Protein chains: 2
Amino acid sequence: MIAPLEDLLATLSRLPGIGRRSAERIAFFLLAKPEEGRRLTATLAGLDRITRCPRCGNFATDGPCAICRDPKRDGTTLCTVARPWEIPHIEKTGEYRGRYHVLGGLISPSQDIGPDDLAVASLVERVKVEGVREVILALEPKLDGDLTAMHLLRVLKPLGIAVSQLAHGIPVGRDLESADELTLGRALKGRTQL
Amino acid sequence: MIAPLEDLLATLSRLPGIGRRSAERIAFFLLAKPEEGRRLTATLAGLDRITRCPRCGNFATDGPCAICRDPKRDGTTLCTVARPWEIPHIEKTGEYRGRYHVLGGLISPSQDIGPDDLAVASLVERVKVEGVREVILALEPKLDGDLTAMHLLRVLKPLGIAVSQLAHGIPVGRDLESADELTLGRALKGRTQL
């Protein structure tokens with residue numbers, strides 16, 4: 001097979017969930033429809049415009065994200081997530097009207113990631129400055145998520161606020177993204193006090 | 001969700017086999033690893049270098065394709081396929097040492113595609129000029145493939161050459177690409193005379 005096509009197949013195969021056969025289907029689709037390749041190139045260029053919200057760490061295009069800019073959001077509740085792409089999943093449930101805080105990861109002894117590598121200090125600062133009354137921990141119910149939750153509980157409890165976590169509507173051992181809207185919504189409603 | 005991300009999700013969802021959930025996984029992977037996005041952009045740019053072989057219609061980068069340039073290939077046998085991306089699948093069987101001819105599609109009354117829309121005249125010309133003794137029809141065993149095979153048989157038989165088709169090792173009603181190498185190899189070996 002010719003080099004540009006082999007390169008494309010190899011690159012597509014690096015994407016999550018794309019095997020060799022899927023890569024071939026996509027490559028031949030792009031060869032048959034060059035306009036789709038140009039569209040993909042243009043949208044990939046758009047990724048450079050994506051920055052992080054200086055306040056909460058959510059995806060943004062310029063300054064604070066849409067949720068932080070929205071005056072109708074409840075600023076007394078912060079939902080803490082590991083990664084910004086978990087926010088749209090929680091938004092889709094329609095159960096949450098507070099704001100968010102993105103940690104940028106989870107505490108992970110195996111990957112040598114500690115609290116100082118995460119946006120924990122800024123979370124504490126926001127709680128103090130923004131009049132936050134409750135922090136919801138929306139972290140995956142696995143080792144790293146539990147370690148992170150324990151650490152956050154330890155630093156947040158002395159501030160005299162409520163700290164809660166999602167109810168175990170989420171299947172244990174699965175990613176946050178794998179939960180459907182209904183399950184995730186119930187997990188939010190039934191969140192348990194820590 | 002922010003516009004550049006929505007655009008990317010929408011564009012990825014247009015690719016074959018990519019649903020909304022797969023598109024999200026890929027988009028967040030690209031956001032987390034910008035170097036993968038740049039790699040993909042670079043390989044997409046490489047698609048512009050892909051042309052068609054002026055002789056057989058296979059993918060090429062400059063002039064005739066690698067198979068047409070290879071003097072060790074048997075020029076007396078032509079395997080006729082609808083699309084160039086079917087060639088690598090046949091090559092992988094290791095059963096075929098002849099050359100190829102790409103029709104550019106199949107006769108399709110429903111899509112108003114007739115013999116004049118396909119590379120049929122150039123196939124007849126090659127048979128006459130290149131001393132071809134056998135044309136193998138590797139066309140999908142569905143309506144359009146059968147119609148195309150019937151037409152090709154009609155125009156090729158008067159030239160006094162053998163015309164064969166792939167044996168029915170290929171599951172009927174499935175795409176050529178879905179056959180594994182072994183099945184496709186057996187279908188080639190057991191091709192039936194028409």
# chains A, B, ... in the order shown; residues from 1 in each chain; ligands from 1
$ interface_residues --of "chain B" --to "chain A" --cutoff "9 Å" --atoms "only C-alpha atoms" --output "PyMOL selection string"
chain B and resi 1-5+7-8+11-12+14-18+21-22+24-26+28-31+34+36-50+59-61+65-66+85+88+177
$ write_last_selection --atoms "C-alpha atoms" --output "PDB file, in the first residue's frame"
ATOM      1  CA  MET B   1     -20.345  22.693  25.030  1.00  0.00           C
ATOM      2  CA  ILE B   2     -18.005  25.111  23.269  1.00  0.00           C
ATOM      3  CA  ALA B   3     -18.224  25.542  19.504  1.00  0.00           C
ATOM      4  CA  PRO B   4     -14.855  24.096  18.387  1.00  0.00           C
ATOM      5  CA  LEU B   5     -15.537  20.949  20.401  1.00  0.00           C
ATOM      6  CA  ASP B   7     -17.728  21.064  15.561  1.00  0.00           C
ATOM      7  CA  LEU B   8     -15.193  18.313  16.106  1.00  0.00           C
ATOM      8  CA  THR B  11     -17.351  16.068  12.116  1.00  0.00           C
ATOM      9  CA  LEU B  12     -16.078  12.889  13.756  1.00  0.00           C
ATOM     10  CA  ARG B  14     -19.805  11.808  10.090  1.00  0.00           C
ATOM     11  CA  LEU B  15     -17.069   9.176   9.768  1.00  0.00           C
ATOM     12  CA  PRO B  16     -18.252   5.596   9.119  1.00  0.00           C
ATOM     13  CA  GLY B  17     -18.650   3.523  12.278  1.00  0.00           C
ATOM     14  CA  ILE B  18     -18.223   6.517  14.595  1.00  0.00           C
ATOM     15  CA  ARG B  21     -19.880   8.220  22.151  1.00  0.00           C
ATOM     16  CA  SER B  22     -16.928   7.140  19.968  1.00  0.00           C
ATOM     17  CA  GLU B  24     -16.397  11.979  22.299  1.00  0.00           C
ATOM     18  CA  ARG B  25     -13.706   9.451  23.192  1.00  0.00           C
ATOM     19  CA  ILE B  26     -11.662  10.504  20.152  1.00  0.00           C
ATOM     20  CA  PHE B  28     -11.143  14.099  24.345  1.00  0.00           C
ATOM     21  CA  PHE B  29      -8.149  11.971  23.388  1.00  0.00           C
ATOM     22  CA  LEU B  30      -7.156  14.662  20.865  1.00  0.00           C
ATOM     23  CA  LEU B  31      -7.685  17.409  23.456  1.00  0.00           C
ATOM     24  CA  PRO B  34      -2.508  17.781  21.004  1.00  0.00           C
ATOM     25  CA  GLU B  36      -1.976  13.335  18.088  1.00  0.00           C
ATOM     26  CA  GLY B  37      -4.194  15.992  16.503  1.00  0.00           C
ATOM     27  CA  ARG B  38      -1.185  17.481  14.730  1.00  0.00           C
ATOM     28  CA  ARG B  39      -0.165  14.017  13.536  1.00  0.00           C
ATOM     29  CA  LEU B  40      -3.657  13.437  12.166  1.00  0.00           C
ATOM     30  CA  THR B  41      -3.684  16.828  10.425  1.00  0.00           C
ATOM     31  CA  ALA B  42      -0.314  16.049   8.818  1.00  0.00           C
ATOM     32  CA  THR B  43      -1.442  12.655   7.546  1.00  0.00           C
ATOM     33  CA  LEU B  44      -4.689  14.116   6.206  1.00  0.00           C
ATOM     34  CA  ALA B  45      -2.580  16.598   4.225  1.00  0.00           C
ATOM     35  CA  GLY B  46      -0.750  13.585   2.768  1.00  0.00           C
ATOM     36  CA  LEU B  47      -4.003  12.424   1.159  1.00  0.00           C
ATOM     37  CA  ASP B  48      -3.600  15.214  -1.415  1.00  0.00           C
ATOM     38  CA  ARG B  49      -0.534  13.352  -2.719  1.00  0.00           C
ATOM     39  CA  ILE B  50      -2.654  10.310  -3.553  1.00  0.00           C
ATOM     40  CA  PHE B  59      -4.061   4.397  -5.692  1.00  0.00           C
ATOM     41  CA  ALA B  60      -0.666   5.820  -6.626  1.00  0.00           C
ATOM     42  CA  THR B  61       1.480   8.779  -5.667  1.00  0.00           C
ATOM     43  CA  CYS B  65       1.003   2.299  -9.225  1.00  0.00           C
ATOM     44  CA  ALA B  66       3.510  -0.069  -7.618  1.00  0.00           C
ATOM     45  CA  TRP B  85      -9.345  -0.111  -1.632  1.00  0.00           C
ATOM     46  CA  PRO B  88      -4.995  -4.494  -0.643  1.00  0.00           C
ATOM     47  CA  GLU B 177     -13.900  -6.121   2.671  1.00  0.00           C
TER      48      GLU B 177
END
$ calpha_fit_and_write --fixed "chain B" --moving "chain A" --output "PDB file with C-alpha atoms, in the first residue's frame"
ATOM      1  CA  MET A   1     -20.195  22.704  25.182  1.00  0.00           C
ATOM      2  CA  ILE A   2     -17.872  25.116  23.403  1.00  0.00           C
ATOM      3  CA  ALA A   3     -18.112  25.558  19.649  1.00  0.00           C
ATOM      4  CA  PRO A   4     -14.739  24.098  18.488  1.00  0.00           C
ATOM      5  CA  LEU A   5     -15.423  20.962  20.494  1.00  0.00           C
ATOM      6  CA  GLU A   6     -19.009  20.654  19.199  1.00  0.00           C
ATOM      7  CA  ASP A   7     -17.679  21.108  15.655  1.00  0.00           C
ATOM      8  CA  LEU A   8     -15.142  18.338  16.167  1.00  0.00           C
ATOM      9  CA  LEU A   9     -17.738  15.973  17.637  1.00  0.00           C
ATOM     10  CA  ALA A  10     -20.101  16.688  14.735  1.00  0.00           C
ATOM     11  CA  THR A  11     -17.340  16.128  12.166  1.00  0.00           C
ATOM     12  CA  LEU A  12     -16.059  12.922  13.787  1.00  0.00           C
ATOM     13  CA  SER A  13     -19.641  11.614  13.948  1.00  0.00           C
ATOM     14  CA  ARG A  14     -19.817  11.876  10.147  1.00  0.00           C
ATOM     15  CA  LEU A  15     -17.088   9.234   9.796  1.00  0.00           C
ATOM     16  CA  PRO A  16     -18.302   5.666   9.142  1.00  0.00           C
ATOM     17  CA  GLY A  17     -18.689   3.581  12.296  1.00  0.00           C
ATOM     18  CA  ILE A  18     -18.238   6.564  14.624  1.00  0.00           C
ATOM     19  CA  GLY A  19     -21.205   7.337  16.881  1.00  0.00           C
ATOM     20  CA  ARG A  20     -21.532  10.163  19.368  1.00  0.00           C
ATOM     21  CA  ARG A  21     -19.856   8.231  22.179  1.00  0.00           C
ATOM     22  CA  SER A  22     -16.909   7.162  19.989  1.00  0.00           C
ATOM     23  CA  ALA A  23     -16.582  10.745  18.740  1.00  0.00           C
ATOM     24  CA  GLU A  24     -16.354  11.974  22.330  1.00  0.00           C
ATOM     25  CA  ARG A  25     -13.654   9.431  23.187  1.00  0.00           C
ATOM     26  CA  ILE A  26     -11.626  10.495  20.154  1.00  0.00           C
ATOM     27  CA  ALA A  27     -12.171  14.236  20.724  1.00  0.00           C
ATOM     28  CA  PHE A  28     -11.070  14.055  24.350  1.00  0.00           C
ATOM     29  CA  PHE A  29      -8.090  11.929  23.356  1.00  0.00           C
ATOM     30  CA  LEU A  30      -7.096  14.626  20.846  1.00  0.00           C
ATOM     31  CA  LEU A  31      -7.588  17.367  23.454  1.00  0.00           C
ATOM     32  CA  ALA A  32      -5.465  15.497  25.973  1.00  0.00           C
ATOM     33  CA  LYS A  33      -2.763  14.768  23.370  1.00  0.00           C
ATOM     34  CA  PRO A  34      -2.435  17.728  20.969  1.00  0.00           C
ATOM     35  CA  GLU A  35       0.483  15.992  19.220  1.00  0.00           C
ATOM     36  CA  GLU A  36      -1.950  13.299  18.016  1.00  0.00           C
ATOM     37  CA  GLY A  37      -4.173  15.969  16.480  1.00  0.00           C
ATOM     38  CA  ARG A  38      -1.166  17.469  14.688  1.00  0.00           C
ATOM     39  CA  ARG A  39      -0.166  14.011  13.476  1.00  0.00           C
ATOM     40  CA  LEU A  40      -3.680  13.440  12.133  1.00  0.00           C
ATOM     41  CA  THR A  41      -3.691  16.841  10.395  1.00  0.00           C
ATOM     42  CA  ALA A  42      -0.342  16.057   8.762  1.00  0.00           C
ATOM     43  CA  THR A  43      -1.477  12.667   7.481  1.00  0.00           C
ATOM     44  CA  LEU A  44      -4.742  14.145   6.183  1.00  0.00           C
ATOM     45  CA  ALA A  45      -2.625  16.625   4.195  1.00  0.00           C
ATOM     46  CA  GLY A  46      -0.825  13.603   2.728  1.00  0.00           C
ATOM     47  CA  LEU A  47      -4.090  12.458   1.128  1.00  0.00           C
ATOM     48  CA  ASP A  48      -3.695  15.253  -1.435  1.00  0.00           C
ATOM     49  CA  ARG A  49      -0.627  13.384  -2.741  1.00  0.00           C
ATOM     50  CA  ILE A  50      -2.734  10.336  -3.572  1.00  0.00           C
ATOM     51  CA  THR A  51      -3.641  10.091  -7.242  1.00  0.00           C
ATOM     52  CA  ARG A  52      -4.936   7.253  -9.383  1.00  0.00           C
ATOM     53  CA  CYS A  53      -2.770   4.983 -11.510  1.00  0.00           C
ATOM     54  CA  PRO A  54      -3.387   6.052 -15.143  1.00  0.00           C
ATOM     55  CA  ARG A  55      -3.264   2.423 -16.213  1.00  0.00           C
ATOM     56  CA  CYS A  56      -5.331   0.450 -13.692  1.00  0.00           C
ATOM     57  CA  GLY A  57      -6.988   3.071 -11.465  1.00  0.00           C
ATOM     58  CA  ASN A  58      -5.312   1.871  -8.239  1.00  0.00           C
ATOM     59  CA  PHE A  59      -4.118   4.421  -5.688  1.00  0.00           C
ATOM     60  CA  ALA A  60      -0.733   5.853  -6.633  1.00  0.00           C
ATOM     61  CA  THR A  61       1.417   8.807  -5.660  1.00  0.00           C
ATOM     62  CA  ASP A  62       3.107   9.573  -8.980  1.00  0.00           C
ATOM     63  CA  GLY A  63       2.382   7.944 -12.325  1.00  0.00           C
ATOM     64  CA  PRO A  64       1.637   4.211 -12.463  1.00  0.00           C
ATOM     65  CA  CYS A  65       0.958   2.340  -9.209  1.00  0.00           C
ATOM     66  CA  ALA A  66       3.473  -0.021  -7.579  1.00  0.00           C
ATOM     67  CA  ILE A  67       1.703  -3.104  -8.992  1.00  0.00           C
ATOM     68  CA  CYS A  68       1.695  -1.812 -12.580  1.00  0.00           C
ATOM     69  CA  ARG A  69       5.371  -0.840 -12.252  1.00  0.00           C
ATOM     70  CA  ASP A  70       6.352  -4.281 -10.886  1.00  0.00           C
ATOM     71  CA  PRO A  71       7.793  -6.296 -13.839  1.00  0.00           C
ATOM     72  CA  LYS A  72       7.372  -9.538 -11.869  1.00  0.00           C
ATOM     73  CA  ARG A  73       3.571  -9.274 -11.881  1.00  0.00           C
ATOM     74  CA  ASP A  74       1.793 -11.481 -14.408  1.00  0.00           C
ATOM     75  CA  GLY A  75       0.436  -9.120 -17.062  1.00  0.00           C
ATOM     76  CA  THR A  76      -1.709 -11.796 -18.718  1.00  0.00           C
ATOM     77  CA  THR A  77      -4.213 -11.825 -15.828  1.00  0.00           C
ATOM     78  CA  LEU A  78      -6.308  -8.848 -14.753  1.00  0.00           C
ATOM     79  CA  CYS A  79      -8.368  -8.846 -11.580  1.00  0.00           C
ATOM     80  CA  THR A  80     -11.230  -6.392 -11.963  1.00  0.00           C
ATOM     81  CA  VAL A  81     -12.507  -4.636  -8.842  1.00  0.00           C
ATOM     82  CA  ALA A  82     -15.045  -1.888  -8.241  1.00  0.00           C
ATOM     83  CA  ARG A  83     -12.914   0.272  -5.922  1.00  0.00           C
ATOM     84  CA  PRO A  84      -9.158   0.690  -5.356  1.00  0.00           C
ATOM     85  CA  TRP A  85      -9.405  -0.110  -1.642  1.00  0.00           C
ATOM     86  CA  GLU A  86     -10.416  -3.653  -2.507  1.00  0.00           C
ATOM     87  CA  ILE A  87      -6.945  -4.287  -3.968  1.00  0.00           C
ATOM     88  CA  PRO A  88      -5.045  -4.472  -0.637  1.00  0.00           C
ATOM     89  CA  HIS A  89      -7.507  -7.108   0.591  1.00  0.00           C
ATOM     90  CA  ILE A  90      -6.782  -9.320  -2.416  1.00  0.00           C
ATOM     91  CA  GLU A  91      -3.041  -8.644  -2.140  1.00  0.00           C
ATOM     92  CA  LYS A  92      -3.065  -9.794   1.483  1.00  0.00           C
ATOM     93  CA  THR A  93      -4.233 -13.273   0.473  1.00  0.00           C
ATOM     94  CA  GLY A  94      -0.868 -13.846  -1.258  1.00  0.00           C
ATOM     95  CA  GLU A  95      -2.754 -15.918  -3.877  1.00  0.00           C
ATOM     96  CA  TYR A  96      -2.645 -13.434  -6.716  1.00  0.00           C
ATOM     97  CA  ARG A  97       0.316 -12.406  -8.884  1.00  0.00           C
ATOM     98  CA  GLY A  98      -1.504 -10.739 -11.776  1.00  0.00           C
ATOM     99  CA  ARG A  99      -2.453  -7.114 -12.248  1.00  0.00           C
ATOM    100  CA  TYR A 100      -5.647  -5.177 -11.501  1.00  0.00           C
ATOM    101  CA  HIS A 101      -8.258  -3.038 -13.158  1.00  0.00           C
ATOM    102  CA  VAL A 102     -10.413  -0.655 -11.135  1.00  0.00           C
ATOM    103  CA  LEU A 103     -13.881  -0.002 -12.594  1.00  0.00           C
ATOM    104  CA  GLY A 104     -14.598   2.958 -10.332  1.00  0.00           C
ATOM    105  CA  GLY A 105     -17.939   1.537  -9.242  1.00  0.00           C
ATOM    106  CA  LEU A 106     -20.618  -0.912 -10.314  1.00  0.00           C
ATOM    107  CA  ILE A 107     -23.507  -0.716 -12.745  1.00  0.00           C
ATOM    108  CA  SER A 108     -26.472   0.477 -10.686  1.00  0.00           C
ATOM    109  CA  PRO A 109     -29.862   1.183 -12.250  1.00  0.00           C
ATOM    110  CA  SER A 110     -31.091   2.698  -8.969  1.00  0.00           C
ATOM    111  CA  GLN A 111     -28.203   5.193  -8.935  1.00  0.00           C
ATOM    112  CA  ASP A 112     -28.343   5.695 -12.704  1.00  0.00           C
ATOM    113  CA  ILE A 113     -24.798   4.334 -13.148  1.00  0.00           C
ATOM    114  CA  GLY A 114     -24.268   2.577 -16.487  1.00  0.00           C
ATOM    115  CA  PRO A 115     -21.271   0.926 -18.199  1.00  0.00           C
ATOM    116  CA  ASP A 116     -20.208   4.263 -19.705  1.00  0.00           C
ATOM    117  CA  ASP A 117     -19.725   5.700 -16.218  1.00  0.00           C
ATOM    118  CA  LEU A 118     -17.199   2.946 -15.430  1.00  0.00           C
ATOM    119  CA  ALA A 119     -13.700   2.119 -16.738  1.00  0.00           C
ATOM    120  CA  VAL A 120     -15.041  -0.568 -19.086  1.00  0.00           C
ATOM    121  CA  ALA A 121     -13.686   0.804 -22.396  1.00  0.00           C
ATOM    122  CA  SER A 122     -10.186   1.031 -20.889  1.00  0.00           C
ATOM    123  CA  LEU A 123     -10.519  -2.569 -19.642  1.00  0.00           C
ATOM    124  CA  VAL A 124     -11.356  -3.752 -23.157  1.00  0.00           C
ATOM    125  CA  GLU A 125      -8.462  -1.679 -24.519  1.00  0.00           C
ATOM    126  CA  ARG A 126      -6.029  -3.188 -21.999  1.00  0.00           C
ATOM    127  CA  VAL A 127      -7.164  -6.716 -22.830  1.00  0.00           C
ATOM    128  CA  LYS A 128      -6.426  -6.037 -26.513  1.00  0.00           C
ATOM    129  CA  VAL A 129      -3.125  -4.170 -26.064  1.00  0.00           C
ATOM    130  CA  GLU A 130      -1.518  -5.942 -23.096  1.00  0.00           C
ATOM    131  CA  GLY A 131      -2.005  -9.554 -24.215  1.00  0.00           C
ATOM    132  CA  VAL A 132      -4.377 -10.359 -21.358  1.00  0.00           C
ATOM    133  CA  ARG A 133      -5.563 -13.990 -21.344  1.00  0.00           C
ATOM    134  CA  GLU A 134      -7.851 -13.970 -18.300  1.00  0.00           C
ATOM    135  CA  VAL A 135      -9.997 -11.387 -16.565  1.00  0.00           C
ATOM    136  CA  ILE A 136     -11.064 -12.259 -13.020  1.00  0.00           C
ATOM    137  CA  LEU A 137     -14.198 -10.450 -11.867  1.00  0.00           C
ATOM    138  CA  ALA A 138     -13.854  -9.711  -8.140  1.00  0.00           C
ATOM    139  CA  LEU A 139     -17.208  -8.003  -7.730  1.00  0.00           C
ATOM    140  CA  GLU A 140     -19.574  -8.246  -4.800  1.00  0.00           C
ATOM    141  CA  PRO A 141     -22.170 -11.014  -5.153  1.00  0.00           C
ATOM    142  CA  LYS A 142     -25.122  -8.620  -4.956  1.00  0.00           C
ATOM    143  CA  LEU A 143     -27.398  -7.096  -7.591  1.00  0.00           C
ATOM    144  CA  ASP A 144     -25.074  -4.350  -8.822  1.00  0.00           C
ATOM    145  CA  GLY A 145     -22.053  -6.666  -8.863  1.00  0.00           C
ATOM    146  CA  ASP A 146     -23.969  -9.334 -10.777  1.00  0.00           C
ATOM    147  CA  LEU A 147     -25.265  -6.793 -13.323  1.00  0.00           C
ATOM    148  CA  THR A 148     -21.723  -5.524 -13.830  1.00  0.00           C
ATOM    149  CA  ALA A 149     -20.341  -9.066 -14.178  1.00  0.00           C
ATOM    150  CA  MET A 150     -22.987  -9.906 -16.808  1.00  0.00           C
ATOM    151  CA  HIS A 151     -22.138  -6.789 -18.785  1.00  0.00           C
ATOM    152  CA  LEU A 152     -18.366  -7.405 -18.618  1.00  0.00           C
ATOM    153  CA  LEU A 153     -18.836 -11.033 -19.644  1.00  0.00           C
ATOM    154  CA  ARG A 154     -20.778  -9.836 -22.696  1.00  0.00           C
ATOM    155  CA  VAL A 155     -18.041  -7.398 -23.830  1.00  0.00           C
ATOM    156  CA  LEU A 156     -15.043  -9.585 -22.900  1.00  0.00           C
ATOM    157  CA  LYS A 157     -16.109 -13.023 -24.162  1.00  0.00           C
ATOM    158  CA  PRO A 158     -15.973 -11.991 -27.868  1.00  0.00           C
ATOM    159  CA  LEU A 159     -12.275 -11.147 -27.349  1.00  0.00           C
ATOM    160  CA  GLY A 160     -11.571 -14.873 -26.932  1.00  0.00           C
ATOM    161  CA  ILE A 161     -10.186 -14.665 -23.371  1.00  0.00           C
ATOM    162  CA  ALA A 162     -11.130 -16.484 -20.206  1.00  0.00           C
ATOM    163  CA  VAL A 163     -13.461 -14.609 -17.860  1.00  0.00           C
ATOM    164  CA  SER A 164     -13.784 -15.928 -14.310  1.00  0.00           C
ATOM    165  CA  GLN A 165     -15.321 -14.804 -11.077  1.00  0.00           C
ATOM    166  CA  LEU A 166     -14.419 -15.342  -7.445  1.00  0.00           C
ATOM    167  CA  ALA A 167     -15.744 -18.593  -5.980  1.00  0.00           C
ATOM    168  CA  HIS A 168     -18.601 -18.301  -3.547  1.00  0.00           C
ATOM    169  CA  GLY A 169     -16.338 -18.456  -0.543  1.00  0.00           C
ATOM    170  CA  ILE A 170     -17.460 -14.906   0.121  1.00  0.00           C
ATOM    171  CA  PRO A 171     -20.593 -14.821   2.257  1.00  0.00           C
ATOM    172  CA  VAL A 172     -23.434 -13.749  -0.025  1.00  0.00           C
ATOM    173  CA  GLY A 173     -24.763 -10.285   0.670  1.00  0.00           C
ATOM    174  CA  ARG A 174     -21.641  -9.116   2.532  1.00  0.00           C
ATOM    175  CA  ASP A 175     -19.041  -6.562   1.408  1.00  0.00           C
ATOM    176  CA  LEU A 176     -15.836  -7.769  -0.193  1.00  0.00           C
ATOM    177  CA  GLU A 177     -13.922  -6.133   2.661  1.00  0.00           C
ATOM    178  CA  SER A 178     -15.663  -8.229   5.289  1.00  0.00           C
ATOM    179  CA  ALA A 179     -14.112 -11.481   4.016  1.00  0.00           C
ATOM    180  CA  ASP A 180     -11.029 -12.659   5.918  1.00  0.00           C
ATOM    181  CA  GLU A 181      -7.785 -13.370   4.013  1.00  0.00           C
ATOM    182  CA  LEU A 182      -8.274 -17.140   4.046  1.00  0.00           C
ATOM    183  CA  THR A 183     -11.798 -16.974   2.640  1.00  0.00           C
ATOM    184  CA  LEU A 184     -10.804 -14.425   0.045  1.00  0.00           C
ATOM    185  CA  GLY A 185      -7.776 -16.520  -0.897  1.00  0.00           C
ATOM    186  CA  ARG A 186      -9.934 -19.622  -1.358  1.00  0.00           C
ATOM    187  CA  ALA A 187     -12.425 -17.630  -3.391  1.00  0.00           C
ATOM    188  CA  LEU A 188      -9.548 -16.621  -5.686  1.00  0.00           C
ATOM    189  CA  LYS A 189      -8.182 -20.163  -6.034  1.00  0.00           C
ATOM    190  CA  GLY A 190     -11.619 -21.657  -6.662  1.00  0.00           C
ATOM    191  CA  ARG A 191     -12.741 -18.985  -9.113  1.00  0.00           C
ATOM    192  CA  THR A 192     -15.282 -20.359 -11.596  1.00  0.00           C
ATOM    193  CA  GLN A 193     -15.190 -19.998 -15.383  1.00  0.00           C
ATOM    194  CA  LEU A 194     -18.040 -18.042 -16.918  1.00  0.00           C
TER     195      LEU A 194
END
$ select_by_dssp --residues "chain B" --states "strand (DSSP E or B)" --output "ChimeraX atom specification"
/B:51-52,59-60,74-81,98-102,108,113,134-137,162-165,192-193
$ select_by_dssp --residues "stretch 94-124 of chain B" --states "alpha helix (DSSP H)" --output "PyMOL selection string"
chain B and resi 121-124
